[in-house]
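Engineer: Sharing protein10.txt here; it has compact mmCIF, C-alpha atoms.
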# COMPACT_ATOMS: atom_id res chain seq x y z
CA MET D 207 6.30 -14.56 2.84
CA PRO D 208 4.29 -13.80 6.04
CA LEU D 209 1.15 -15.95 5.95
CA GLU D 210 -2.15 -15.33 7.65
CA ILE D 211 -4.08 -18.52 8.32
CA GLU D 212 -7.48 -17.74 9.77
CA ARG D 213 -10.80 -19.48 10.22
CA LYS D 214 -13.97 -17.52 10.65
CA PHE D 215 -17.25 -18.47 12.34
CA LEU D 216 -20.61 -17.01 13.18
CA ILE D 217 -21.50 -17.09 16.85
CA LYS D 218 -24.54 -17.80 19.04
CA PRO D 219 -24.81 -14.44 20.80
CA ASN D 220 -26.99 -15.75 23.62
CA LEU D 221 -24.25 -18.22 24.65
CA LEU D 222 -21.37 -15.72 24.61
CA ASP D 223 -20.51 -13.24 27.35
CA LEU D 224 -18.23 -10.68 25.71
CA PRO D 225 -15.25 -9.39 27.69
CA LYS D 226 -15.80 -5.93 29.21
CA GLU D 227 -13.02 -4.27 27.24
CA GLY D 228 -12.95 -4.19 23.46
CA GLN D 229 -10.89 -2.23 20.98
CA LYS D 230 -12.58 0.07 18.49
CA LEU D 231 -11.33 -0.50 14.92
CA ILE D 232 -11.94 1.85 12.00
CA GLN D 233 -10.72 0.64 8.64
CA GLY D 234 -11.01 1.29 4.94
CA TYR D 235 -9.55 -0.08 1.73
CA ILE D 236 -7.68 2.05 -0.80
CA TRP D 237 -7.69 -0.93 -3.15
CA SER D 238 -9.83 -4.04 -2.78
CA ASP D 239 -9.29 -6.40 -5.71
CA PRO D 240 -10.36 -10.05 -5.45
CA ASP D 241 -6.73 -11.16 -5.10
CA LYS D 242 -5.15 -8.28 -3.22
CA SER D 243 -6.10 -5.37 -1.01
CA LEU D 244 -4.58 -2.42 0.80
CA ARG D 245 -6.18 -1.71 4.16
CA ILE D 246 -5.77 1.32 6.42
CA ARG D 247 -6.74 0.59 10.03
CA ILE D 248 -6.93 2.75 13.13
CA ALA D 249 -6.90 0.61 16.29
CA GLY D 250 -7.13 2.77 19.37
CA ASP D 251 -4.12 5.10 19.31
CA GLN D 252 -2.19 3.03 16.75
CA SER D 253 -2.63 2.82 13.00
CA PHE D 254 -1.54 0.36 10.35
CA LEU D 255 -1.22 -0.16 6.62
CA THR D 256 -1.79 -3.77 5.53
CA ILE D 257 -1.39 -5.45 2.15
CA LYS D 258 -3.19 -8.80 1.88
CA THR D 259 -2.70 -11.00 -1.14
CA GLY D 260 -4.07 -14.33 -2.34
CA ASN D 261 -7.47 -15.73 -3.22
CA ASN D 262 -7.79 -18.34 -0.50
CA PRO D 263 -9.40 -16.70 2.57
CA LEU D 264 -8.05 -19.52 4.76
CA ASN D 265 -4.49 -18.72 3.83
CA ARG D 266 -3.38 -15.29 2.64
CA SER D 267 -0.12 -13.38 2.67
CA GLU D 268 -0.16 -10.35 4.90
CA PHE D 269 2.29 -7.46 5.04
CA GLU D 270 1.54 -5.06 7.89
CA TYR D 271 3.30 -1.83 8.86
CA GLN D 272 2.56 0.64 11.61
CA ILE D 273 2.18 4.16 10.21
CA PRO D 274 1.74 7.60 11.82
CA MET D 275 -1.83 8.39 12.92
CA LYS D 276 -1.87 11.54 10.77
CA ASP D 277 -1.03 9.48 7.65
CA ALA D 278 -3.75 6.95 8.51
CA GLN D 279 -6.32 9.73 8.86
CA ASP D 280 -5.28 11.24 5.50
CA LEU D 281 -5.28 7.83 3.80
CA LEU D 282 -8.70 6.88 5.21
CA VAL D 283 -10.12 9.91 3.36
CA LEU D 284 -9.11 8.17 0.11
CA CYS D 285 -11.23 5.12 0.97
CA ASP D 286 -14.73 5.01 -0.48
CA SER D 287 -16.28 3.83 2.74
CA LYS D 288 -15.24 2.49 6.10
CA ILE D 289 -15.92 -0.37 8.44
CA GLU D 290 -16.33 0.27 12.14
CA LYS D 291 -16.30 -2.54 14.62
CA THR D 292 -15.25 -3.37 18.15
CA ARG D 293 -12.90 -6.29 18.64
CA PHE D 294 -12.98 -8.44 21.78
CA VAL D 295 -10.26 -11.02 22.43
CA ILE D 296 -10.93 -14.33 24.21
CA PRO D 297 -7.87 -16.52 24.95
CA GLN D 298 -8.25 -20.28 24.52
CA ASN D 299 -5.24 -22.42 25.41
CA ASN D 300 -2.41 -20.99 23.26
CA LEU D 301 -4.78 -19.41 20.74
CA PHE D 302 -6.94 -16.32 20.68
CA TRP D 303 -10.48 -15.85 19.46
CA GLU D 304 -11.13 -12.41 18.04
CA ILE D 305 -14.79 -11.46 18.20
CA ASP D 306 -15.70 -8.59 15.87
CA VAL D 307 -18.93 -6.76 16.69
CA PHE D 308 -19.76 -4.65 13.65
CA GLU D 309 -21.36 -1.21 13.71
CA GLY D 310 -22.78 1.19 11.12
CA ASP D 311 -24.10 -0.49 7.96
CA ASN D 312 -22.96 -3.87 9.29
CA LYS D 313 -24.64 -3.54 12.69
CA GLY D 314 -26.04 -6.86 13.83
CA LEU D 315 -23.16 -8.90 12.42
CA ILE D 316 -20.80 -10.61 14.87
CA VAL D 317 -18.02 -12.91 13.67
CA ALA D 318 -15.33 -14.86 15.51
CA GLU D 319 -11.92 -15.46 14.00
CA ILE D 320 -9.08 -17.68 15.13
CA GLU D 321 -5.54 -17.36 13.78
CA LEU D 322 -3.71 -20.64 13.30
CA SER D 323 -0.13 -21.58 12.56
CA SER D 324 -1.13 -24.16 9.92
CA GLU D 325 -4.25 -24.96 7.92
CA ASN D 326 -4.60 -28.30 9.70
CA GLU D 327 -4.08 -27.08 13.25
CA ASN D 328 -6.66 -28.54 15.62
CA PHE D 329 -8.50 -26.36 18.07
CA GLU D 330 -11.50 -26.65 20.33
CA LEU D 331 -14.81 -25.11 19.22
CA PRO D 332 -16.39 -23.26 22.14
CA GLN D 333 -20.14 -23.86 22.66
CA TRP D 334 -20.89 -20.29 21.51
CA ILE D 335 -19.54 -21.04 18.02
CA ASP D 336 -22.12 -21.34 15.24
CA ARG D 337 -21.32 -22.40 11.64
CA GLU D 338 -18.02 -21.76 9.84
CA VAL D 339 -17.95 -19.02 7.18
CA THR D 340 -14.22 -19.00 6.30
CA ASN D 341 -14.91 -19.67 2.63
CA GLU D 342 -17.91 -17.36 2.26
CA SER D 343 -16.47 -14.27 0.65
CA LYS D 344 -19.40 -12.07 1.66
CA PHE D 345 -18.00 -12.11 5.19
CA LEU D 346 -14.67 -10.61 4.08
CA ASN D 347 -14.31 -7.05 5.30
CA VAL D 348 -13.57 -5.88 1.74
CA GLU D 349 -16.97 -7.31 0.74
CA LEU D 350 -18.80 -6.00 3.81
CA ILE D 351 -17.86 -2.48 2.74
CA LYS D 352 -19.44 -2.95 -0.69
CA HIS D 353 -22.38 -5.12 0.39
CA PRO D 354 -23.01 -4.42 4.07
CA PHE D 355 -24.92 -6.83 6.31
CA SER D 356 -27.87 -4.42 6.62
CA LYS D 357 -28.54 -4.81 2.87
CA TRP D 358 -28.42 -8.64 2.77
CA MET T 129 -0.78 15.62 3.95
CA PRO T 130 2.84 15.17 2.78
CA LEU T 131 3.14 16.79 -0.65
CA GLU T 132 5.61 15.99 -3.38
CA ILE T 133 6.21 18.94 -5.72
CA GLU T 134 8.46 17.94 -8.57
CA ARG T 135 9.37 19.22 -12.02
CA LYS T 136 10.78 16.90 -14.64
CA PHE T 137 13.00 17.65 -17.63
CA LEU T 138 14.77 15.88 -20.43
CA ILE T 139 18.50 16.51 -20.60
CA LYS T 140 21.17 17.14 -23.23
CA PRO T 141 23.43 14.15 -22.51
CA ASN T 142 26.46 15.62 -24.31
CA LEU T 143 26.45 18.61 -21.93
CA LEU T 144 26.15 16.61 -18.70
CA ASP T 145 28.95 14.84 -16.87
CA LEU T 146 27.25 12.38 -14.53
CA PRO T 147 28.70 11.95 -11.03
CA LYS T 148 30.81 8.79 -10.65
CA GLU T 149 28.53 7.22 -8.03
CA GLY T 150 24.88 6.45 -8.68
CA GLN T 151 22.31 4.42 -6.82
CA LYS T 152 20.62 1.47 -8.50
CA LEU T 153 16.83 1.54 -8.10
CA ILE T 154 14.48 -1.36 -8.83
CA GLN T 155 10.80 -0.62 -8.52
CA GLY T 156 7.40 -1.98 -9.40
CA TYR T 157 3.77 -1.02 -8.87
CA ILE T 158 1.24 -3.27 -7.17
CA TRP T 159 -1.47 -0.81 -8.19
CA SER T 160 -1.10 1.96 -10.74
CA ASP T 161 -4.39 3.81 -11.22
CA PRO T 162 -4.43 7.23 -12.87
CA ASP T 163 -5.08 8.92 -9.51
CA LYS T 164 -3.19 6.70 -7.09
CA SER T 165 -0.42 4.14 -7.06
CA LEU T 166 1.43 1.83 -4.70
CA ARG T 167 5.12 1.51 -5.45
CA ILE T 168 7.65 -0.96 -4.06
CA ARG T 169 11.25 0.26 -4.42
CA ILE T 170 14.59 -1.28 -3.61
CA ALA T 171 17.30 1.38 -3.35
CA GLY T 172 20.66 -0.20 -2.58
CA ASP T 173 20.26 -2.01 0.75
CA GLN T 174 17.06 -0.19 1.72
CA SER T 175 13.52 -0.73 0.54
CA PHE T 176 10.36 1.34 0.61
CA LEU T 177 6.62 1.20 0.09
CA THR T 178 5.16 4.42 -1.33
CA ILE T 179 1.58 5.50 -1.91
CA LYS T 180 1.21 8.43 -4.31
CA THR T 181 -2.15 10.10 -4.84
CA GLY T 182 -3.49 12.90 -6.99
CA ASN T 183 -3.79 13.60 -10.71
CA ASN T 184 -1.46 16.59 -10.97
CA PRO T 185 2.09 15.33 -11.63
CA LEU T 186 3.49 18.64 -10.43
CA ASN T 187 1.93 18.24 -7.02
CA ARG T 188 1.04 14.86 -5.56
CA SER T 189 0.61 13.49 -2.05
CA GLU T 190 3.21 10.96 -1.10
CA PHE T 191 3.24 8.53 1.82
CA GLU T 192 6.49 6.60 2.10
CA TYR T 193 7.52 3.92 4.58
CA GLN T 194 10.69 1.90 4.86
CA ILE T 195 9.96 -1.83 4.87
CA PRO T 196 12.12 -4.94 5.39
CA MET T 197 14.07 -6.04 2.30
CA LYS T 198 12.49 -9.51 2.43
CA ASP T 199 9.00 -7.96 2.25
CA ALA T 200 10.06 -5.74 -0.66
CA GLN T 201 11.38 -8.75 -2.57
CA ASP T 202 8.15 -10.69 -1.94
CA LEU T 203 6.01 -7.68 -2.90
CA LEU T 204 7.97 -7.01 -6.10
CA VAL T 205 6.95 -10.49 -7.25
CA LEU T 206 3.34 -9.25 -7.24
CA CYS T 207 4.19 -6.45 -9.67
CA ASP T 208 3.55 -7.14 -13.36
CA SER T 209 6.84 -5.64 -14.43
CA LYS T 210 9.64 -3.55 -13.02
CA ILE T 211 11.62 -0.45 -13.76
CA GLU T 212 15.37 -0.45 -13.32
CA LYS T 213 17.35 2.74 -13.33
CA THR T 214 20.39 4.33 -11.78
CA ARG T 215 19.92 7.63 -9.96
CA PHE T 216 22.62 10.28 -9.82
CA VAL T 217 22.27 13.30 -7.56
CA ILE T 218 23.63 16.74 -8.46
CA PRO T 219 23.37 19.47 -5.79
CA GLN T 220 22.49 22.98 -6.93
CA ASN T 221 22.34 25.69 -4.25
CA ASN T 222 19.86 24.32 -1.69
CA LEU T 223 18.20 21.98 -4.16
CA PHE T 224 19.06 18.63 -5.68
CA TRP T 225 18.74 17.42 -9.24
CA GLU T 226 18.02 13.71 -9.49
CA ILE T 227 19.14 12.28 -12.82
CA ASP T 228 17.52 8.93 -13.62
CA VAL T 229 19.28 6.82 -16.24
CA PHE T 230 16.87 4.08 -17.24
CA GLU T 231 17.79 0.52 -18.14
CA GLY T 232 15.98 -2.51 -19.57
CA ASP T 233 12.97 -1.64 -21.75
CA ASN T 234 13.49 2.05 -21.02
CA LYS T 235 17.19 2.10 -21.90
CA GLY T 236 18.12 5.33 -23.65
CA LEU T 237 15.80 7.48 -21.53
CA ILE T 238 17.39 9.94 -19.10
CA VAL T 239 15.27 12.38 -17.08
CA ALA T 240 16.16 15.01 -14.49
CA GLU T 241 13.84 15.83 -11.62
CA ILE T 242 13.99 18.59 -9.08
CA GLU T 243 11.94 18.55 -5.87
CA LEU T 244 10.59 21.95 -4.80
CA SER T 245 8.95 23.28 -1.67
CA SER T 246 6.25 25.16 -3.61
CA GLU T 247 4.90 25.11 -7.15
CA ASN T 248 6.19 28.63 -7.75
CA GLU T 249 9.68 28.18 -6.34
CA ASN T 250 12.33 29.63 -8.63
CA PHE T 251 15.42 27.69 -9.55
CA GLU T 252 18.21 27.91 -12.05
CA LEU T 253 18.11 25.72 -15.16
CA PRO T 254 21.56 24.22 -15.81
CA GLN T 255 22.79 24.33 -19.39
CA TRP T 256 22.38 20.55 -19.69
CA ILE T 257 18.61 20.83 -19.21
CA ASP T 258 16.45 20.23 -22.27
CA ARG T 259 12.65 20.72 -22.41
CA GLU T 260 10.29 20.26 -19.46
CA VAL T 261 8.10 17.12 -19.41
CA THR T 262 6.44 17.52 -15.98
CA ASN T 263 2.95 17.39 -17.47
CA GLU T 264 3.61 14.63 -20.01
CA SER T 265 2.20 11.55 -18.35
CA LYS T 266 4.13 9.16 -20.58
CA PHE T 267 7.23 10.06 -18.55
CA LEU T 268 5.63 8.89 -15.28
CA ASN T 269 7.25 5.70 -14.06
CA VAL T 270 3.83 4.04 -13.79
CA GLU T 271 3.40 4.73 -17.53
CA LEU T 272 6.96 3.75 -18.46
CA ILE T 273 6.24 0.27 -17.10
CA LYS T 274 3.20 -0.15 -19.37
CA HIS T 275 4.60 1.72 -22.40
CA PRO T 276 8.39 1.63 -22.18
CA PHE T 277 10.62 4.09 -24.01
CA SER T 278 11.93 1.37 -26.37
CA LYS T 279 8.40 0.98 -27.80
CA TRP T 280 7.73 4.69 -28.41
Reformat the file's structure so that it appears as structure tokens.

Structural biologist:
Amino acid sequence: MPLEIERKFLIKPNLLDLPKEGQKLIQGYIWSDPDKSLRIRIAGDQSFLTIKTGNNPLNRSEFEYQIPMKDAQDLLVLCDSKIEKTRFVIPQNNLFWEIDVFEGDNKGLIVAEIELSSENENFELPQWIDREVTNESKFLNVELIKHPFSKW
Amino acid sequence: MPLEIERKFLIKPNLLDLPKEGQKLIQGYIWSDPDKSLRIRIAGDQSFLTIKTGNNPLNRSEFEYQIPMKDAQDLLVLCDSKIEKTRFVIPQNNLFWEIDVFEGDNKGLIVAEIELSSENENFELPQWIDREVTNESKFLNVELIKHPFSKW
């Protein structure tokens, strides 16, 4: 089963220079149960359907398929609300930090994620990293749709 | 939006000679809400993920994607229960009758479906057709999983 092992952190914005180029992401959830979700995401000119399962945010199963843009647009209409954010990627040794700068109802929120190959993999914490929020469910995108950052 | 326009009938088994070759289908639902469902189906050596939306059984939107067999097997594990049936196809002019012979908890149930290009399309009813059940939700596969034919 394809696993997604991710750790998530807040950042210190004044210490981080974002790359010039980011990718705009628009995504919604057709289902968003505590233990499984179906996400529709438009990333630039590509679009994806993703099933995520499991309760542990550090370690979830992920099934992702590219789908036609027209389908993604039709399926996004079925989603109650959407998340819009711009993703910036910062390489670090063999890993990649993904910095998500949220817009809309979540404007003001910036999180950094790193994808690992095992839960115990070591990696360096850049100086612009603030505290870890991997296990705080309110930072999950499925939760940010229901309880956006602007309402916290 | 890709539409699926189908009409569903019971059959008179003593009047129908099934084709020799049928295709075994195993399917489950990760979500099965009244207005939308996500189905995982294994059909022979191929497997599919299908989102169906809409309340009108005669006319639903359908988004179907082929997925790797390994993913389908992993995703079927997430489904509470499964439907097993063998599908036989009978051509009729430019249309196709699909005859589903159910097994397991739905053994004894046989339904015939015909896919149309519009709700008003005319077609001939073979002599082996019994009454129409298009609008009887208990014959939906999502319902047959929860309330199988053997318990009616």

Engineer: Just need chain T moved onto chain D: least-squares over all Cα atoms matched in order, then output as a PDB file with C-alpha atoms, in the frame of the given file.

Structural biologist:
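Now in superposed24.pdb:
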ATOM      1  CA  MET T 129       6.295 -14.545   2.872  1.00  0.00           C
ATOM      2  CA  PRO T 130       4.295 -13.790   6.051  1.00  0.00           C
ATOM      3  CA  LEU T 131       1.166 -15.954   5.972  1.00  0.00           C
ATOM      4  CA  GLU T 132      -2.133 -15.316   7.676  1.00  0.00           C
ATOM      5  CA  ILE T 133      -4.080 -18.526   8.340  1.00  0.00           C
ATOM      6  CA  GLU T 134      -7.476 -17.749   9.772  1.00  0.00           C
ATOM      7  CA  ARG T 135     -10.811 -19.496  10.214  1.00  0.00           C
ATOM      8  CA  LYS T 136     -13.995 -17.518  10.640  1.00  0.00           C
ATOM      9  CA  PHE T 137     -17.257 -18.471  12.336  1.00  0.00           C
ATOM     10  CA  LEU T 138     -20.613 -17.008  13.175  1.00  0.00           C
ATOM     11  CA  ILE T 139     -21.512 -17.101  16.852  1.00  0.00           C
ATOM     12  CA  LYS T 140     -24.546 -17.805  19.030  1.00  0.00           C
ATOM     13  CA  PRO T 141     -24.802 -14.434  20.800  1.00  0.00           C
ATOM     14  CA  ASN T 142     -26.990 -15.748  23.640  1.00  0.00           C
ATOM     15  CA  LEU T 143     -24.248 -18.215  24.640  1.00  0.00           C
ATOM     16  CA  LEU T 144     -21.368 -15.719  24.611  1.00  0.00           C
ATOM     17  CA  ASP T 145     -20.492 -13.248  27.341  1.00  0.00           C
ATOM     18  CA  LEU T 146     -18.227 -10.677  25.706  1.00  0.00           C
ATOM     19  CA  PRO T 147     -15.242  -9.398  27.704  1.00  0.00           C
ATOM     20  CA  LYS T 148     -15.817  -5.947  29.232  1.00  0.00           C
ATOM     21  CA  GLU T 149     -13.020  -4.273  27.256  1.00  0.00           C
ATOM     22  CA  GLY T 150     -12.950  -4.184  23.471  1.00  0.00           C
ATOM     23  CA  GLN T 151     -10.890  -2.247  20.983  1.00  0.00           C
ATOM     24  CA  LYS T 152     -12.573   0.060  18.488  1.00  0.00           C
ATOM     25  CA  LEU T 153     -11.334  -0.493  14.926  1.00  0.00           C
ATOM     26  CA  ILE T 154     -11.948   1.844  11.988  1.00  0.00           C
ATOM     27  CA  GLN T 155     -10.721   0.639   8.638  1.00  0.00           C
ATOM     28  CA  GLY T 156     -11.015   1.297   4.941  1.00  0.00           C
ATOM     29  CA  TYR T 157      -9.554  -0.074   1.721  1.00  0.00           C
ATOM     30  CA  ILE T 158      -7.690   2.053  -0.799  1.00  0.00           C
ATOM     31  CA  TRP T 159      -7.702  -0.925  -3.158  1.00  0.00           C
ATOM     32  CA  SER T 160      -9.827  -4.033  -2.789  1.00  0.00           C
ATOM     33  CA  ASP T 161      -9.282  -6.404  -5.714  1.00  0.00           C
ATOM     34  CA  PRO T 162     -10.352 -10.038  -5.446  1.00  0.00           C
ATOM     35  CA  ASP T 163      -6.717 -11.155  -5.111  1.00  0.00           C
ATOM     36  CA  LYS T 164      -5.138  -8.273  -3.227  1.00  0.00           C
ATOM     37  CA  SER T 165      -6.108  -5.371  -1.020  1.00  0.00           C
ATOM     38  CA  LEU T 166      -4.590  -2.418   0.797  1.00  0.00           C
ATOM     39  CA  ARG T 167      -6.181  -1.701   4.149  1.00  0.00           C
ATOM     40  CA  ILE T 168      -5.774   1.329   6.405  1.00  0.00           C
ATOM     41  CA  ARG T 169      -6.739   0.608  10.028  1.00  0.00           C
ATOM     42  CA  ILE T 170      -6.932   2.746  13.122  1.00  0.00           C
ATOM     43  CA  ALA T 171      -6.886   0.609  16.271  1.00  0.00           C
ATOM     44  CA  GLY T 172      -7.128   2.782  19.370  1.00  0.00           C
ATOM     45  CA  ASP T 173      -4.101   5.097  19.299  1.00  0.00           C
ATOM     46  CA  GLN T 174      -2.183   3.036  16.737  1.00  0.00           C
ATOM     47  CA  SER T 175      -2.613   2.821  12.997  1.00  0.00           C
ATOM     48  CA  PHE T 176      -1.534   0.356  10.344  1.00  0.00           C
ATOM     49  CA  LEU T 177      -1.224  -0.155   6.613  1.00  0.00           C
ATOM     50  CA  THR T 178      -1.786  -3.762   5.521  1.00  0.00           C
ATOM     51  CA  ILE T 179      -1.387  -5.446   2.156  1.00  0.00           C
ATOM     52  CA  LYS T 180      -3.180  -8.791   1.870  1.00  0.00           C
ATOM     53  CA  THR T 181      -2.694 -11.007  -1.165  1.00  0.00           C
ATOM     54  CA  GLY T 182      -4.049 -14.323  -2.361  1.00  0.00           C
ATOM     55  CA  ASN T 183      -7.461 -15.734  -3.244  1.00  0.00           C
ATOM     56  CA  ASN T 184      -7.783 -18.344  -0.501  1.00  0.00           C
ATOM     57  CA  PRO T 185      -9.397 -16.718   2.561  1.00  0.00           C
ATOM     58  CA  LEU T 186      -8.058 -19.506   4.750  1.00  0.00           C
ATOM     59  CA  ASN T 187      -4.485 -18.718   3.835  1.00  0.00           C
ATOM     60  CA  ARG T 188      -3.386 -15.295   2.641  1.00  0.00           C
ATOM     61  CA  SER T 189      -0.113 -13.379   2.657  1.00  0.00           C
ATOM     62  CA  GLU T 190      -0.154 -10.362   4.884  1.00  0.00           C
ATOM     63  CA  PHE T 191       2.290  -7.457   5.034  1.00  0.00           C
ATOM     64  CA  GLU T 192       1.548  -5.050   7.867  1.00  0.00           C
ATOM     65  CA  TYR T 193       3.308  -1.836   8.850  1.00  0.00           C
ATOM     66  CA  GLN T 194       2.571   0.646  11.590  1.00  0.00           C
ATOM     67  CA  ILE T 195       2.186   4.164  10.205  1.00  0.00           C
ATOM     68  CA  PRO T 196       1.742   7.601  11.818  1.00  0.00           C
ATOM     69  CA  MET T 197      -1.833   8.386  12.896  1.00  0.00           C
ATOM     70  CA  LYS T 198      -1.875  11.549  10.763  1.00  0.00           C
ATOM     71  CA  ASP T 199      -1.040   9.495   7.648  1.00  0.00           C
ATOM     72  CA  ALA T 200      -3.748   6.957   8.512  1.00  0.00           C
ATOM     73  CA  GLN T 201      -6.332   9.723   8.862  1.00  0.00           C
ATOM     74  CA  ASP T 202      -5.296  11.248   5.516  1.00  0.00           C
ATOM     75  CA  LEU T 203      -5.295   7.831   3.819  1.00  0.00           C
ATOM     76  CA  LEU T 204      -8.714   6.878   5.209  1.00  0.00           C
ATOM     77  CA  VAL T 205     -10.115   9.896   3.366  1.00  0.00           C
ATOM     78  CA  LEU T 206      -9.117   8.161   0.116  1.00  0.00           C
ATOM     79  CA  CYS T 207     -11.229   5.117   0.976  1.00  0.00           C
ATOM     80  CA  ASP T 208     -14.745   5.011  -0.483  1.00  0.00           C
ATOM     81  CA  SER T 209     -16.284   3.841   2.755  1.00  0.00           C
ATOM     82  CA  LYS T 210     -15.236   2.484   6.110  1.00  0.00           C
ATOM     83  CA  ILE T 211     -15.926  -0.373   8.442  1.00  0.00           C
ATOM     84  CA  GLU T 212     -16.336   0.261  12.141  1.00  0.00           C
ATOM     85  CA  LYS T 213     -16.309  -2.548  14.632  1.00  0.00           C
ATOM     86  CA  THR T 214     -15.255  -3.358  18.154  1.00  0.00           C
ATOM     87  CA  ARG T 215     -12.904  -6.298  18.659  1.00  0.00           C
ATOM     88  CA  PHE T 216     -12.973  -8.449  21.773  1.00  0.00           C
ATOM     89  CA  VAL T 217     -10.267 -11.018  22.428  1.00  0.00           C
ATOM     90  CA  ILE T 218     -10.923 -14.326  24.194  1.00  0.00           C
ATOM     91  CA  PRO T 219      -7.885 -16.524  24.961  1.00  0.00           C
ATOM     92  CA  GLN T 220      -8.263 -20.274  24.535  1.00  0.00           C
ATOM     93  CA  ASN T 221      -5.243 -22.435  25.407  1.00  0.00           C
ATOM     94  CA  ASN T 222      -2.429 -20.996  23.263  1.00  0.00           C
ATOM     95  CA  LEU T 223      -4.790 -19.424  20.755  1.00  0.00           C
ATOM     96  CA  PHE T 224      -6.946 -16.323  20.675  1.00  0.00           C
ATOM     97  CA  TRP T 225     -10.485 -15.852  19.454  1.00  0.00           C
ATOM     98  CA  GLU T 226     -11.120 -12.399  18.032  1.00  0.00           C
ATOM     99  CA  ILE T 227     -14.791 -11.460  18.204  1.00  0.00           C
ATOM    100  CA  ASP T 228     -15.702  -8.591  15.873  1.00  0.00           C
ATOM    101  CA  VAL T 229     -18.933  -6.765  16.675  1.00  0.00           C
ATOM    102  CA  PHE T 230     -19.770  -4.643  13.656  1.00  0.00           C
ATOM    103  CA  GLU T 231     -21.373  -1.215  13.716  1.00  0.00           C
ATOM    104  CA  GLY T 232     -22.801   1.198  11.139  1.00  0.00           C
ATOM    105  CA  ASP T 233     -24.102  -0.493   7.975  1.00  0.00           C
ATOM    106  CA  ASN T 234     -22.963  -3.867   9.293  1.00  0.00           C
ATOM    107  CA  LYS T 235     -24.626  -3.533  12.697  1.00  0.00           C
ATOM    108  CA  GLY T 236     -26.037  -6.857  13.846  1.00  0.00           C
ATOM    109  CA  LEU T 237     -23.157  -8.897  12.415  1.00  0.00           C
ATOM    110  CA  ILE T 238     -20.802 -10.604  14.870  1.00  0.00           C
ATOM    111  CA  VAL T 239     -18.020 -12.914  13.665  1.00  0.00           C
ATOM    112  CA  ALA T 240     -15.329 -14.860  15.508  1.00  0.00           C
ATOM    113  CA  GLU T 241     -11.926 -15.469  13.979  1.00  0.00           C
ATOM    114  CA  ILE T 242      -9.100 -17.660  15.122  1.00  0.00           C
ATOM    115  CA  GLU T 243      -5.557 -17.330  13.762  1.00  0.00           C
ATOM    116  CA  LEU T 244      -3.718 -20.635  13.291  1.00  0.00           C
ATOM    117  CA  SER T 245      -0.139 -21.591  12.562  1.00  0.00           C
ATOM    118  CA  SER T 246      -1.127 -24.175   9.928  1.00  0.00           C
ATOM    119  CA  GLU T 247      -4.245 -24.979   7.930  1.00  0.00           C
ATOM    120  CA  ASN T 248      -4.584 -28.320   9.702  1.00  0.00           C
ATOM    121  CA  GLU T 249      -4.069 -27.107  13.257  1.00  0.00           C
ATOM    122  CA  ASN T 250      -6.648 -28.548  15.632  1.00  0.00           C
ATOM    123  CA  PHE T 251      -8.511 -26.378  18.076  1.00  0.00           C
ATOM    124  CA  GLU T 252     -11.507 -26.642  20.320  1.00  0.00           C
ATOM    125  CA  LEU T 253     -14.809 -25.103  19.219  1.00  0.00           C
ATOM    126  CA  PRO T 254     -16.426 -23.257  22.143  1.00  0.00           C
ATOM    127  CA  GLN T 255     -20.132 -23.843  22.653  1.00  0.00           C
ATOM    128  CA  TRP T 256     -20.895 -20.286  21.508  1.00  0.00           C
ATOM    129  CA  ILE T 257     -19.552 -21.026  18.019  1.00  0.00           C
ATOM    130  CA  ASP T 258     -22.110 -21.327  15.233  1.00  0.00           C
ATOM    131  CA  ARG T 259     -21.326 -22.389  11.634  1.00  0.00           C
ATOM    132  CA  GLU T 260     -18.028 -21.745   9.848  1.00  0.00           C
ATOM    133  CA  VAL T 261     -17.962 -19.008   7.172  1.00  0.00           C
ATOM    134  CA  THR T 262     -14.228 -19.008   6.311  1.00  0.00           C
ATOM    135  CA  ASN T 263     -14.907 -19.671   2.634  1.00  0.00           C
ATOM    136  CA  GLU T 264     -17.913 -17.361   2.272  1.00  0.00           C
ATOM    137  CA  SER T 265     -16.461 -14.270   0.671  1.00  0.00           C
ATOM    138  CA  LYS T 266     -19.395 -12.075   1.660  1.00  0.00           C
ATOM    139  CA  PHE T 267     -17.994 -12.117   5.207  1.00  0.00           C
ATOM    140  CA  LEU T 268     -14.663 -10.613   4.085  1.00  0.00           C
ATOM    141  CA  ASN T 269     -14.324  -7.049   5.299  1.00  0.00           C
ATOM    142  CA  VAL T 270     -13.552  -5.890   1.751  1.00  0.00           C
ATOM    143  CA  GLU T 271     -16.956  -7.315   0.737  1.00  0.00           C
ATOM    144  CA  LEU T 272     -18.790  -6.009   3.808  1.00  0.00           C
ATOM    145  CA  ILE T 273     -17.840  -2.483   2.741  1.00  0.00           C
ATOM    146  CA  LYS T 274     -19.413  -2.943  -0.706  1.00  0.00           C
ATOM    147  CA  HIS T 275     -22.365  -5.113   0.397  1.00  0.00           C
ATOM    148  CA  PRO T 276     -23.009  -4.426   4.076  1.00  0.00           C
ATOM    149  CA  PHE T 277     -24.901  -6.825   6.321  1.00  0.00           C
ATOM    150  CA  SER T 278     -27.872  -4.425   6.627  1.00  0.00           C
ATOM    151  CA  LYS T 279     -28.523  -4.831   2.876  1.00  0.00           C
ATOM    152  CA  TRP T 280     -28.407  -8.647   2.792  1.00  0.00           C
TER     153      TRP T 280
END

Engineer: Specify as a list in words all residues of chain T found within 10 Å of chain D, counting all atoms listed in the file.

Structural biologist: Met129, Pro130, Ile158, Trp159, Asp161, Lys164, Ser165, Leu166, Leu177, Ile179, Thr181, Ser189, Glu190, Phe191, Glu192, Tyr193, Gln194, Ile195, Pro196, Lys198, Asp199, Ala200, Gln201, Asp202, Leu203 and Leu206 of chain T

Engineer: Which neighbours of range 291-293 of chain D fall inside 8 Å, counting all atoms listed in the file, when residues of the same chain fewer than 3 positions from it are skipped, and could you give them as a PyMOL selection string?

Structural biologist: chain D and resi 228-232+304-309
